[in-house]
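All remarks here apply to the structure that follows.
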There are 2 protein chains.
Amino acid sequence: MLIDGKEYRSVWFEDGKLHLINQQKLPFSFEIFVAKKIEDVAFAIREMIVRGAPAIGAAAAYGIVLAGEEIEEAIEKLRNTRPTGHDLFYALDYMRREMERGRDALNAADRYAEEIIKGCREIGKHGKDLIEDGTKILTHCNAGALATIDYGTALAPIRFAYAEGKNIFVYVDETRPRLQGRLTAWELEQEGIPYALIVDNAAGYFMEREEVDLVIVGADRIARNGDVANKIGTYEKAVVARENNIPFYVAAPISTFDPSTKTGRDIVIEDRDGVEVREGGRLLPEWVKVRNPAFDVTPRKYITGYITEEGLKKL
Amino acid sequence: MLIDGKEYRSVWFEDGKLHLINQQKLPFSFEIFVAKKIEDVAFAIREMIVRGAPAIGAAAAYGIVLAGEEIEEAIEKLRNTRPTGHDLFYALDYMRREMERGRDALNAADRYAEEIIKGCREIGKHGKDLIEDGTKILTHCNAGALATIDYGTALAPIRFAYAEGKNIFVYVDETRPRLQGRLTAWELEQEGIPYALIVDNAAGYFMEREEVDLVIVGADRIARNGDVANKIGTYEKAVVARENNIPFYVAAPISTFDPSTKTGRDIVIEDRDGVEVREGGRLLPEWVKVRNPAFDVTPRKYITGYITEEGLKKL
C-alpha cells in the first residue's frame with residue numbers, strides 16, 4: 001500500500017527485526033513497532049498492534065525467526081495470544097514443519113508472507129468483477145492491507161475495481177468496540193477511494209434505503225459447512241443484507257477455511273475484556289457491567305459466496 | 001426514580017425555574033441543569049442535556065412558562081431545536097391551545113408532565129406481563145425515566161416486572177453514536193436490576209444464541225401505518241429479532257402516534273453532525289469522512305406489538 005508516496009507492507013522483516021505498522025496508533029499517527037524478540041511479537045499480537053488474521057499469521061511466522069533454538073516454547077507463547085485466529089495456528093504449524101525439514105526460518109516466513117500477498121492479489125482480481133461501475137459497497141471491520149500485509153481481503157476487490165476506473169463508494173462500519181473501521185477509512189483515504197464512516201447502527205439504515213448494493217467482509221475462520229466467524233456485528237449485517245436482497249460476500253484466503261471445524265457452533269468465541277468497550281474509561285465509568293464477545297458466527301445461508309485466491313466459491 | 005435514596009424526576013419546575021437532570025454529564029456525574037429563560041431551554045434540547053421524546057416535550061411545555069408574553073416567538077425557537085420529535089411539536093401545540101384558552105401556563109405544563117408520568121406508569125402495568133420470570137430482555141437507546149420524566153417507556157415494564165420479584169436480565173445496547181445505553185445502564189444500576197451493556201454489534205450475537213427472549217424499545221414517532229421512527233440501529237435489531245423469532249415490542253405513549261404521518265417513508269431523518277461519531281476528536285481525527293443519520297424507520301411488519309397506556313395494540 002502507498003503511504004505518503006512510499007510503498008509499505010503492514011508486516012516485514014528487516015535488519016534481523018520484525019517491523020509492524022502500529023495499528024493501535026492509527027488513524028491518529030503512523031508509527032512502526034519493532035519486535036526484537038519473541039515476547040515483543042506475542043505482545044504485539046495480544047495488544048492488537050498487529051491485527052487481522054493473515055497479518056497475525058505472518059507476524060507469528062516471523063516471530064519464530066526471532067525464537068532461536070526454543071521453537072516449541074515460542075510456538076506455545078504465540079499460540080496463547082488470541083484464541084479465535086485460525087491463521088495464527090496455521091502459520092505456527094507451517095513454521096514447525098519447515099523447521100523440522102531443516103529449512104531456514106527467515107526464508108520460510110518470507111515465503112509464507114509472499115503467499116498471503118499473492119493470495120490477496122488474486123482475491124482482488126477474482127472479486128473486482130462483482131463490483132460494477134456505480135456500486136456502493138458496505139464493509140465491516142478492517143479486512144484491508146493492514147490486516148493482510150498488503151491489498152487486503154475484503155478491500156482487495158475494492159482496490160482493483162477502483163484501479164480500473166470504476167466509480168464506487170464504500171460505507172465503512174466503525175466496528176465497535178475496537179473501531180477497526182477507522183483503519184479501513186485510513187486506507188481508503190490514502191488511496192483516494194470515496195467512502196463514509198458510519199456507526200454500526202447505521203448500516204441497516206443505508207441498506208434499507210437501497211444505498212448499499214453489495215456487502216464484502218473478511219473472515220477470521222470459516223467452518224467446513226461454510227459458517228463464518230468474523231468480527232462481532234458481521235452476523236447482524238448479513239441478516240439485514242439478506243432481508244434487503246443485497247449480495248453478501250466473504251473474501252478470505254483458502255487458509256481461513258478450517259476443515260477441522262464442522263460448523264460455526266464449534267468455534268470458540270473470545271469474550272474480551274470490557275475495557276475495550278469502556279475505551280479506557282473515556283466512554284464508560286468502571287462500575288458499568290459489560291459483556292464483550294469479540295466475534296460472531298454468520299451461518300452459511302446468509303452468505304452469497306466466498307471470494308478466494310482460487311476464484312469464487314459457493315460451497 | 002430513586003437516586004441515592006432520593007426520589008427524582010428528570011424534568012421539573014421549581015422556584016420559577018426549569019430543572020433538568022443533565023443527561024450529557026451522566027453516567028460520569030449527576031448534575032442538575034437549571035433553565036431560567038427560553039434560550040436555556042432551547043439550548044438544553046438542542047445539546048441533548050434533556051433528551052427522550054416525552055422529556056423533551058415536557059421541557060418544551062415548561063419552556064413556554066418561561067417565555068412570558070412572547071409565546072409565538074418561544075414556540076418557534078423551541079420548534080427548531082430538533083426536527084424528528086413529534087412530542088416536541090405536540091407539547092407546543094398543547095401549550096398554545098391552553099394559553100389561547102387563558103389557562104395558567106405553569107398549571108398547563110404541570111398537567112402535561114403528570115399526563116406523561118401517568119402514561120408511563122400505565123405502560124409499565126400493561127407491559128409487565130410480557131415479561132415472565134427468567135426473561136432476558138434486549139433494549140436499545142434510553143427509553144427510561146430520564147427520557148420520560150419518570151418510569152420510562154421501554155423500561156417501565158422492566159421496572160414493574162422487577163418490582164414484582166421476577167428474575168430478569170437486561171442487555172443494553174450502548175447505542176452509538178451518542179451512547180444513550182450508558183443512561184439505561186445508569187438507571188438499571190440505581191435500581192439494582194441485573195444488566196450488561198453490550199456494543200451494538202453484539203445484539204445479534206446474543207439473539208442468535210437464544211440469550212434474548214424479548215426486545216423492548218421506545219419510539220420517537222409512530223406513523224399511521226405502524227412504522228416506527230426511533231434511534232438509529234432500531235431497524236437492525238428488529239430485523240434480527242424477527243429472524244430469530246424473538247418478540248419485538250415498541251413501548252410508547254399514544255402521543256407518539258402521529259396520524260398526520262402516513263408511513264415511515266414520510267418521516268424526515270435528521271442527519272446529525274459527524275462530531276458525535278468523532279466523540280470530539282477522541283475517537284476519530286478530523287479528516288475522516290462521516291455520515292451520521294440519527295434515526296431509522298422500522299417497518300410495522302417487524303413489530304410484534306405496541307405497549308401503550310391504553311394497553312397492548314397490534315395495529
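Labels for the C-alpha cells follow display order: chains A, B, ..., residues from 1 in each chain, ligands from 1.
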*Select residues of chain B: the criterion is any atom within 6 Å of an atom of chain A, counting only C-alpha atoms; output as a list of chain:residue names.*
B:Ala196, B:Leu197, B:Ile198, B:Asn201, B:Ala202, B:Gly204, B:Tyr205, B:Ile232, B:Gly233, B:Glu236, B:Lys289, B:Val290, B:Arg291, B:Asp296
*With a distance cut-off of 9 Å and only C-alpha atoms, select the neighbouring residues of segment 55-68 of chain B, excluding the residue or stretch itself and same-chain residues fewer than 4 positions from it, and output the selection as a ChimeraX atom specification.*
/B:10-13,16-20,35-42,44-45,48,50-51,73-75,78-79,85-92,94-96,104-106,108-110,112-113,116,145-150
*Find the spatial neighbours of Lys128 of chain B, counting only C-alpha atoms, within a cut-off of 8 Å - ignore same-chain residues fewer than 4 positions away - and output them as a list in words.*
Gly124, Ala156, Pro157, Ile158, Phe160 and Ala161 of chain B
Can I get the selected residues back with N, CA and C atoms, as a PDB file, in the first residue's frame?
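File out-v6.pdb, as written:
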```
ATOM      1  N   GLY B 124     -46.053   0.599  31.975  1.00  0.00           N
ATOM      2  CA  GLY B 124     -45.391  -0.387  32.825  1.00  0.00           C
ATOM      3  C   GLY B 124     -46.338  -1.488  33.261  1.00  0.00           C
ATOM      4  N   ALA B 156     -40.300   0.929  31.626  1.00  0.00           N
ATOM      5  CA  ALA B 156     -41.392   0.838  32.606  1.00  0.00           C
ATOM      6  C   ALA B 156     -41.837  -0.611  32.830  1.00  0.00           C
ATOM      7  N   PRO B 157     -42.102  -1.395  31.764  1.00  0.00           N
ATOM      8  CA  PRO B 157     -42.463  -2.798  32.009  1.00  0.00           C
ATOM      9  C   PRO B 157     -41.359  -3.562  32.735  1.00  0.00           C
ATOM     10  N   ILE B 158     -40.115  -3.223  32.435  1.00  0.00           N
ATOM     11  CA  ILE B 158     -38.969  -3.872  33.086  1.00  0.00           C
ATOM     12  C   ILE B 158     -38.969  -3.534  34.576  1.00  0.00           C
ATOM     13  N   PHE B 160     -41.550  -2.582  36.426  1.00  0.00           N
ATOM     14  CA  PHE B 160     -42.713  -3.190  37.091  1.00  0.00           C
ATOM     15  C   PHE B 160     -42.536  -4.704  37.242  1.00  0.00           C
ATOM     16  N   ALA B 161     -41.958  -5.346  36.230  1.00  0.00           N
ATOM     17  CA  ALA B 161     -41.728  -6.799  36.332  1.00  0.00           C
ATOM     18  C   ALA B 161     -40.718  -7.087  37.435  1.00  0.00           C
TER      19      ALA B 161
END
```
*Name the residues of segment 15-187 of chain A that come out as helix (DSSP H, G or I) in a backbone DSSP run; write them as a VMD selection string.*
chain A and resid 38 to 46 53 to 65 71 to 79 86 to 100 105 to 130 145 to 148 155 to 163 181 to 187
Give me a file of those residues, with C-alpha atoms, as a tab-separated table (two decimals), in the first residue's frame.
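The resulting part_2.tsv:
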```tsv
chain	number	residue	atom	x	y	z
A	38	ILE	CA	9.56	-13.44	20.65
A	39	GLU	CA	7.97	-11.68	23.66
A	40	ASP	CA	7.66	-8.48	21.61
A	41	VAL	CA	5.79	-10.42	18.94
A	42	ALA	CA	3.44	-12.04	21.47
A	43	PHE	CA	2.82	-8.59	22.97
A	44	ALA	CA	2.11	-7.09	19.55
A	45	ILE	CA	-0.44	-9.80	18.74
A	46	ARG	CA	-2.12	-9.71	22.14
A	53	ALA	CA	-5.91	-12.93	10.71
A	54	PRO	CA	-3.36	-13.04	7.82
A	55	ALA	CA	-1.14	-10.30	9.28
A	56	ILE	CA	-1.15	-12.05	12.66
A	57	GLY	CA	-0.18	-15.29	10.89
A	58	ALA	CA	2.74	-13.58	9.15
A	59	ALA	CA	3.83	-11.84	12.35
A	60	ALA	CA	3.79	-15.22	14.12
A	61	ALA	CA	5.83	-16.82	11.32
A	62	TYR	CA	8.43	-14.06	11.60
A	63	GLY	CA	8.20	-14.42	15.36
A	64	ILE	CA	9.60	-17.95	15.02
A	65	VAL	CA	12.60	-16.43	13.20
A	71	ILE	CA	10.92	-23.29	18.82
A	72	GLU	CA	8.31	-25.23	20.81
A	73	GLU	CA	8.34	-22.72	23.61
A	74	ALA	CA	7.94	-19.90	21.11
A	75	ILE	CA	5.06	-21.64	19.35
A	76	GLU	CA	3.34	-22.08	22.71
A	77	LYS	CA	3.82	-18.41	23.59
A	78	LEU	CA	2.37	-17.23	20.31
A	79	ARG	CA	-0.44	-19.77	20.27
A	86	HIS	CA	-7.11	-19.97	12.71
A	87	ASP	CA	-4.35	-18.31	10.63
A	88	LEU	CA	-2.22	-17.95	13.73
A	89	PHE	CA	-2.29	-21.72	14.37
A	90	TYR	CA	-1.85	-22.44	10.66
A	91	ALA	CA	1.27	-20.25	10.47
A	92	LEU	CA	2.80	-21.84	13.56
A	93	ASP	CA	2.14	-25.35	12.26
A	94	TYR	CA	3.70	-24.37	8.94
A	95	MET	CA	6.81	-22.98	10.62
A	96	ARG	CA	7.20	-26.08	12.79
A	97	ARG	CA	7.05	-28.29	9.68
A	98	GLU	CA	9.55	-26.14	7.82
A	99	MET	CA	11.96	-26.17	10.75
A	100	GLU	CA	11.62	-29.93	11.13
A	105	ALA	CA	13.33	-19.88	9.27
A	106	LEU	CA	13.51	-16.44	7.64
A	107	ASN	CA	13.21	-17.93	4.20
A	108	ALA	CA	10.18	-19.96	5.29
A	109	ALA	CA	8.49	-16.94	6.89
A	110	ASP	CA	9.17	-14.85	3.78
A	111	ARG	CA	7.55	-17.49	1.60
A	112	TYR	CA	4.59	-17.55	3.98
A	113	ALA	CA	4.19	-13.76	3.72
A	114	GLU	CA	4.57	-13.75	-0.07
A	115	GLU	CA	1.91	-16.42	-0.32
A	116	ILE	CA	-0.53	-14.24	1.64
A	117	ILE	CA	0.17	-11.21	-0.54
A	118	LYS	CA	-0.22	-13.25	-3.70
A	119	GLY	CA	-3.47	-14.67	-2.35
A	120	CYS	CA	-4.84	-11.20	-1.66
A	121	ARG	CA	-3.86	-10.02	-5.12
A	122	GLU	CA	-5.76	-12.97	-6.60
A	123	ILE	CA	-8.76	-12.28	-4.33
A	124	GLY	CA	-8.75	-8.75	-5.71
A	125	LYS	CA	-8.68	-9.95	-9.29
A	126	HIS	CA	-11.42	-12.53	-8.78
A	127	GLY	CA	-13.60	-10.17	-6.75
A	128	LYS	CA	-13.36	-6.98	-8.77
A	129	ASP	CA	-15.93	-8.09	-11.34
A	130	LEU	CA	-18.60	-8.29	-8.62
A	145	ALA	CA	-3.85	-4.16	3.61
A	146	LEU	CA	-3.14	-3.53	7.27
A	147	ALA	CA	-4.80	-6.83	8.16
A	148	THR	CA	-3.18	-8.87	5.38
A	155	LEU	CA	-10.64	-4.38	0.35
A	156	ALA	CA	-8.69	-6.10	-2.46
A	157	PRO	CA	-11.66	-6.30	-4.88
A	158	ILE	CA	-12.49	-2.69	-3.98
A	159	ARG	CA	-8.89	-1.59	-4.72
A	160	PHE	CA	-8.83	-3.47	-8.04
A	161	ALA	CA	-12.24	-2.17	-9.11
A	162	TYR	CA	-11.21	1.37	-8.25
A	163	ALA	CA	-7.91	0.94	-10.12
A	181	GLY	CA	-13.37	0.80	10.67
A	182	ARG	CA	-11.07	3.75	11.34
A	183	LEU	CA	-8.25	1.70	9.81
A	184	THR	CA	-10.35	0.99	6.74
A	185	ALA	CA	-11.19	4.69	6.46
A	186	TRP	CA	-7.48	5.47	6.77
A	187	GLU	CA	-6.59	3.03	3.98
```
*Between atom CA of Ala219 of chain B and atom CA of Thr256 of chain B, what is the spacing in Å?*
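Spanning atom CA of Thr256 of chain B to atom CA of Ala219 of chain B is a straight-line distance of 7.1 Å.
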*All strand (DSSP E) positions in segment 153-310 of chain B, as a PyMOL selection string*: chain B and resi 169-173+195-198+214-217+221-222+228-231+248-251+295-298+305-308
Export of prior selection with N, CA and C atoms as a PDB file, in the first residue's frame:
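Output file selection10.pdb is given in full below:
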```
ATOM      1  N   PHE B 169     -33.111 -10.205  33.268  1.00  0.00           N
ATOM      2  CA  PHE B 169     -31.782  -9.712  32.887  1.00  0.00           C
ATOM      3  C   PHE B 169     -31.952  -8.826  31.651  1.00  0.00           C
ATOM      4  N   VAL B 170     -31.251  -7.710  31.633  1.00  0.00           N
ATOM      5  CA  VAL B 170     -31.412  -6.755  30.537  1.00  0.00           C
ATOM      6  C   VAL B 170     -30.089  -6.572  29.783  1.00  0.00           C
ATOM      7  N   TYR B 171     -30.098  -6.856  28.474  1.00  0.00           N
ATOM      8  CA  TYR B 171     -28.977  -6.486  27.610  1.00  0.00           C
ATOM      9  C   TYR B 171     -29.228  -5.075  27.115  1.00  0.00           C
ATOM     10  N   VAL B 172     -28.244  -4.213  27.300  1.00  0.00           N
ATOM     11  CA  VAL B 172     -28.391  -2.803  26.955  1.00  0.00           C
ATOM     12  C   VAL B 172     -27.433  -2.462  25.810  1.00  0.00           C
ATOM     13  N   ASP B 173     -27.975  -2.158  24.628  1.00  0.00           N
ATOM     14  CA  ASP B 173     -27.120  -1.691  23.519  1.00  0.00           C
ATOM     15  C   ASP B 173     -26.480  -0.358  23.903  1.00  0.00           C
ATOM     16  N   TYR B 195     -28.088  -6.379  34.589  1.00  0.00           N
ATOM     17  CA  TYR B 195     -27.951  -5.962  33.189  1.00  0.00           C
ATOM     18  C   TYR B 195     -26.507  -6.141  32.758  1.00  0.00           C
ATOM     19  N   ALA B 196     -26.293  -6.092  31.440  1.00  0.00           N
ATOM     20  CA  ALA B 196     -24.947  -5.918  30.892  1.00  0.00           C
ATOM     21  C   ALA B 196     -25.061  -4.973  29.709  1.00  0.00           C
ATOM     22  N   LEU B 197     -24.185  -4.026  29.648  1.00  0.00           N
ATOM     23  CA  LEU B 197     -24.075  -3.175  28.480  1.00  0.00           C
ATOM     24  C   LEU B 197     -23.264  -3.911  27.415  1.00  0.00           C
ATOM     25  N   ILE B 198     -23.730  -3.855  26.172  1.00  0.00           N
ATOM     26  CA  ILE B 198     -23.015  -4.506  25.072  1.00  0.00           C
ATOM     27  C   ILE B 198     -22.841  -3.498  23.939  1.00  0.00           C
ATOM     28  N   LEU B 214     -36.860 -11.350  24.442  1.00  0.00           N
ATOM     29  CA  LEU B 214     -37.813 -10.271  24.209  1.00  0.00           C
ATOM     30  C   LEU B 214     -37.036  -8.988  23.944  1.00  0.00           C
ATOM     31  N   VAL B 215     -37.472  -8.222  22.953  1.00  0.00           N
ATOM     32  CA  VAL B 215     -36.881  -6.897  22.726  1.00  0.00           C
ATOM     33  C   VAL B 215     -37.948  -5.848  23.025  1.00  0.00           C
ATOM     34  N   ILE B 216     -37.596  -4.838  23.802  1.00  0.00           N
ATOM     35  CA  ILE B 216     -38.494  -3.700  24.024  1.00  0.00           C
ATOM     36  C   ILE B 216     -37.708  -2.414  23.747  1.00  0.00           C
ATOM     37  N   VAL B 217     -38.250  -1.591  22.863  1.00  0.00           N
ATOM     38  CA  VAL B 217     -37.623  -0.293  22.567  1.00  0.00           C
ATOM     39  C   VAL B 217     -38.686   0.798  22.707  1.00  0.00           C
ATOM     40  N   ARG B 221     -41.398   8.521  16.925  1.00  0.00           N
ATOM     41  CA  ARG B 221     -42.633   8.807  16.230  1.00  0.00           C
ATOM     42  C   ARG B 221     -43.155   7.528  15.597  1.00  0.00           C
ATOM     43  N   ILE B 222     -44.474   7.351  15.616  1.00  0.00           N
ATOM     44  CA  ILE B 222     -45.085   6.172  15.003  1.00  0.00           C
ATOM     45  C   ILE B 222     -46.064   6.658  13.930  1.00  0.00           C
ATOM     46  N   VAL B 228     -42.183   2.702  12.759  1.00  0.00           N
ATOM     47  CA  VAL B 228     -41.658   3.380  13.948  1.00  0.00           C
ATOM     48  C   VAL B 228     -40.327   4.068  13.648  1.00  0.00           C
ATOM     49  N   ALA B 229     -40.286   5.372  13.862  1.00  0.00           N
ATOM     50  CA  ALA B 229     -39.004   6.081  13.827  1.00  0.00           C
ATOM     51  C   ALA B 229     -38.437   6.048  15.231  1.00  0.00           C
ATOM     52  N   ASN B 230     -37.218   5.555  15.336  1.00  0.00           N
ATOM     53  CA  ASN B 230     -36.574   5.501  16.652  1.00  0.00           C
ATOM     54  C   ASN B 230     -35.068   5.604  16.429  1.00  0.00           C
ATOM     55  N   LYS B 231     -34.337   5.616  17.488  1.00  0.00           N
ATOM     56  CA  LYS B 231     -32.885   5.774  17.451  1.00  0.00           C
ATOM     57  C   LYS B 231     -32.251   4.873  16.392  1.00  0.00           C
ATOM     58  N   PHE B 248     -40.762  -8.482  19.345  1.00  0.00           N
ATOM     59  CA  PHE B 248     -40.183  -7.133  19.320  1.00  0.00           C
ATOM     60  C   PHE B 248     -41.294  -6.127  19.614  1.00  0.00           C
ATOM     61  N   TYR B 249     -41.235  -5.520  20.805  1.00  0.00           N
ATOM     62  CA  TYR B 249     -42.289  -4.587  21.225  1.00  0.00           C
ATOM     63  C   TYR B 249     -41.786  -3.143  21.235  1.00  0.00           C
ATOM     64  N   VAL B 250     -42.686  -2.254  20.860  1.00  0.00           N
ATOM     65  CA  VAL B 250     -42.422  -0.822  20.944  1.00  0.00           C
ATOM     66  C   VAL B 250     -43.289  -0.266  22.072  1.00  0.00           C
ATOM     67  N   ALA B 251     -42.655   0.333  23.075  1.00  0.00           N
ATOM     68  CA  ALA B 251     -43.395   0.923  24.194  1.00  0.00           C
ATOM     69  C   ALA B 251     -43.438   2.425  23.983  1.00  0.00           C
ATOM     70  N   PHE B 295     -31.729   8.658  13.252  1.00  0.00           N
ATOM     71  CA  PHE B 295     -32.858   7.757  13.466  1.00  0.00           C
ATOM     72  C   PHE B 295     -32.973   6.805  12.292  1.00  0.00           C
ATOM     73  N   ASP B 296     -33.739   5.741  12.482  1.00  0.00           N
ATOM     74  CA  ASP B 296     -34.124   4.944  11.327  1.00  0.00           C
ATOM     75  C   ASP B 296     -35.592   4.587  11.471  1.00  0.00           C
ATOM     76  N   VAL B 297     -36.138   3.955  10.460  1.00  0.00           N
ATOM     77  CA  VAL B 297     -37.546   3.605  10.472  1.00  0.00           C
ATOM     78  C   VAL B 297     -37.676   2.085  10.458  1.00  0.00           C
ATOM     79  N   THR B 298     -38.395   1.561  11.423  1.00  0.00           N
ATOM     80  CA  THR B 298     -38.644   0.122  11.476  1.00  0.00           C
ATOM     81  C   THR B 298     -40.045  -0.141  10.943  1.00  0.00           C
ATOM     82  N   GLY B 305     -45.900  -5.828  18.637  1.00  0.00           N
ATOM     83  CA  GLY B 305     -46.986  -5.057  19.216  1.00  0.00           C
ATOM     84  C   GLY B 305     -46.479  -3.756  19.821  1.00  0.00           C
ATOM     85  N   TYR B 306     -47.426  -2.921  20.206  1.00  0.00           N
ATOM     86  CA  TYR B 306     -47.133  -1.609  20.780  1.00  0.00           C
ATOM     87  C   TYR B 306     -47.694  -1.596  22.195  1.00  0.00           C
ATOM     88  N   ILE B 307     -46.840  -1.242  23.161  1.00  0.00           N
ATOM     89  CA  ILE B 307     -47.297  -1.163  24.551  1.00  0.00           C
ATOM     90  C   ILE B 307     -47.621   0.303  24.838  1.00  0.00           C
ATOM     91  N   THR B 308     -48.888   0.607  25.027  1.00  0.00           N
ATOM     92  CA  THR B 308     -49.299   1.992  25.281  1.00  0.00           C
ATOM     93  C   THR B 308     -50.002   2.078  26.636  1.00  0.00           C
TER      94      THR B 308
END
```
